[in-house]
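Novice: Just dropping this structure here.
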Amino acid sequence: MRARRPWSAFLGAFWPFIVGVTLIAAGLVAIVIGYLGVSGTVFVGLQVPYLVSGAFLGLALVFLGSVLLLVQVMTRQTRLLRRLLAEVESPAAGDIAAPAALPDDGAASPNGAKVYAVRGGRWFHRPGCILLEGKRATPMSPHQADLEHLTPCRLCDPTVPAAT
Ligand SMILES: [Zn+2]
């Protein structure tokens, strides 16, 4: 499907540009023909229709071509913007996933080797406690938590092994 001849892929991506340029060129030609028609006509009464039709047709074609060129440019800008947004979003998604990687309920740390405390707080927690959510938790050993006179969280109830 994708392995078509390269010129067809080129046409698929650039047809508004090509058609736009062609229309602008045709418009300019129409204006020139209109002008030549006017200069070649002796009778004033015949000059006006020539000029009007030539100029109008030419301007319409030039306008249409410009719109197509604009569409082409905007399509490319949109594609670029989308790619940039995708690049910005992917590291952010990895950032969000990072706290979820904390071991849940001490499953990864069987003997409760690590507890977490929020700086300035009075409690220490199991990893993954909801009270830690959105806060910067400092990992420490239960013994260290004991030394800092932190009390176990009443919600997640981290069990303190005999650290003494
Ligand atoms: Zn807790």
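Ordering of the structure tokens sets the chain letters (A, B, ...); residue numbers start at 1 within each chain; ligands are numbered from 1 in the order shown.
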I'd like a table as a Markdown table: residues in chain A with an atom no more than 12 Å from ligand 1, each row giving the shortest atom pair and its distance in Å to one decimal, only C-alpha atoms and all ligand atoms counted, sorted by chain and rising residue number.
Specialist:
```
| residue | atom | partner | partner_atom_place_in_ligand_line | distance |
| --- | --- | --- | --- | --- |
| A:Asp104 | CA | ligand 1 | 1 (Zn) | 11.9 |
| A:Asp105 | CA | ligand 1 | 1 (Zn) | 10.5 |
| A:Val115 | CA | ligand 1 | 1 (Zn) | 9.4 |
| A:Tyr116 | CA | ligand 1 | 1 (Zn) | 8.4 |
| A:Ala117 | CA | ligand 1 | 1 (Zn) | 8.7 |
| A:Val118 | CA | ligand 1 | 1 (Zn) | 10.0 |
| A:Gly121 | CA | ligand 1 | 1 (Zn) | 11.0 |
| A:Arg122 | CA | ligand 1 | 1 (Zn) | 10.8 |
| A:Trp123 | CA | ligand 1 | 1 (Zn) | 7.4 |
| A:Phe124 | CA | ligand 1 | 1 (Zn) | 6.5 |
| A:His125 | CA | ligand 1 | 1 (Zn) | 4.0 |
| A:Arg126 | CA | ligand 1 | 1 (Zn) | 5.8 |
| A:Pro127 | CA | ligand 1 | 1 (Zn) | 8.0 |
| A:Gly128 | CA | ligand 1 | 1 (Zn) | 8.0 |
| A:Cys129 | CA | ligand 1 | 1 (Zn) | 4.6 |
| A:Ile130 | CA | ligand 1 | 1 (Zn) | 6.6 |
| A:Leu131 | CA | ligand 1 | 1 (Zn) | 5.4 |
| A:Leu132 | CA | ligand 1 | 1 (Zn) | 6.8 |
| A:Glu133 | CA | ligand 1 | 1 (Zn) | 9.8 |
| A:Lys135 | CA | ligand 1 | 1 (Zn) | 11.9 |
| A:Ala137 | CA | ligand 1 | 1 (Zn) | 10.9 |
| A:Leu150 | CA | ligand 1 | 1 (Zn) | 11.7 |
| A:Thr151 | CA | ligand 1 | 1 (Zn) | 10.2 |
| A:Pro152 | CA | ligand 1 | 1 (Zn) | 7.4 |
| A:Cys153 | CA | ligand 1 | 1 (Zn) | 4.4 |
| A:Arg154 | CA | ligand 1 | 1 (Zn) | 6.5 |
| A:Leu155 | CA | ligand 1 | 1 (Zn) | 5.1 |
| A:Cys156 | CA | ligand 1 | 1 (Zn) | 4.2 |
| A:Asp157 | CA | ligand 1 | 1 (Zn) | 6.4 |
| A:Pro158 | CA | ligand 1 | 1 (Zn) | 7.3 |
| A:Thr159 | CA | ligand 1 | 1 (Zn) | 11.0 |
```
Novice: Near Val67 in chain A, within 12 Å and counting only C-alpha atoms, which residues show up once chain neighbours fewer than 3 positions away are dropped, as a PyMOL selection string?
Specialist: chain A and resi 16-17+19-21+23-24+60-64+70-74
Novice: Please produce a file of the residues just selected, as a tab-separated table (two decimals), in the first residue's frame, where the atoms kept are N, CA and C atoms.
Specialist:
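Heads up, here's the output in again30.tsv:
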```
chain	number	residue	atom	x	y	z
A	16	PRO	N	-2.07	20.46	-2.98
A	16	PRO	CA	-2.61	21.82	-2.85
A	16	PRO	C	-1.61	22.87	-3.33
A	17	PHE	N	-0.33	22.59	-3.07
A	17	PHE	CA	0.71	23.52	-3.50
A	17	PHE	C	0.77	23.58	-5.03
A	19	VAL	N	-1.55	22.61	-7.27
A	19	VAL	CA	-2.78	23.17	-7.83
A	19	VAL	C	-2.82	24.69	-7.57
A	20	GLY	N	-2.38	25.08	-6.39
A	20	GLY	CA	-2.38	26.50	-6.06
A	20	GLY	C	-1.49	27.30	-7.00
A	21	VAL	N	-0.29	26.80	-7.23
A	21	VAL	CA	0.64	27.49	-8.14
A	21	VAL	C	0.06	27.52	-9.55
A	23	LEU	N	-3.11	27.45	-10.41
A	23	LEU	CA	-4.23	28.39	-10.46
A	23	LEU	C	-3.74	29.83	-10.51
A	24	ILE	N	-2.71	30.13	-9.71
A	24	ILE	CA	-2.17	31.50	-9.70
A	24	ILE	C	-1.60	31.83	-11.09
A	60	ALA	N	-9.89	35.76	-9.41
A	60	ALA	CA	-10.52	34.62	-8.75
A	60	ALA	C	-9.56	33.43	-8.70
A	61	LEU	N	-8.87	33.19	-9.82
A	61	LEU	CA	-7.93	32.07	-9.87
A	61	LEU	C	-6.76	32.31	-8.92
A	62	VAL	N	-6.25	33.55	-8.91
A	62	VAL	CA	-5.14	33.86	-8.01
A	62	VAL	C	-5.57	33.69	-6.56
A	63	PHE	N	-6.80	34.15	-6.26
A	63	PHE	CA	-7.31	34.03	-4.89
A	63	PHE	C	-7.43	32.57	-4.49
A	64	LEU	N	-8.04	31.79	-5.38
A	64	LEU	CA	-8.22	30.36	-5.11
A	64	LEU	C	-6.87	29.67	-4.90
A	70	LEU	N	-2.26	28.48	1.23
A	70	LEU	CA	-2.42	28.71	2.66
A	70	LEU	C	-2.79	27.41	3.37
A	71	VAL	N	-3.72	26.66	2.75
A	71	VAL	CA	-4.14	25.38	3.32
A	71	VAL	C	-2.94	24.45	3.43
A	72	GLN	N	-2.12	24.45	2.36
A	72	GLN	CA	-0.93	23.58	2.36
A	72	GLN	C	-0.01	23.95	3.52
A	73	VAL	N	0.24	25.25	3.69
A	73	VAL	CA	1.15	25.69	4.75
A	73	VAL	C	0.57	25.35	6.11
A	74	MET	N	-0.75	25.59	6.27
A	74	MET	CA	-1.36	25.33	7.57
A	74	MET	C	-1.37	23.84	7.89
```
Novice: So the first atom is CA of Thr78 in chain A and the second is CA of Trp7 in chain A; what is the distance between them in Å, to one decimal place?
Specialist: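 Taking CA of Thr78 in chain A as the start and CA of Trp7 in chain A as the end point, the length is 23.0 Å.
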Novice: Can you pull out the residues contacting Ala30 in chain A? Cut-off 10 Å, using only C-alpha atoms, and skip same-chain residues under 5 positions away; I want them as a ChimeraX atom specification.
Specialist: /A:24-25,35-36,51,53-59,61-62
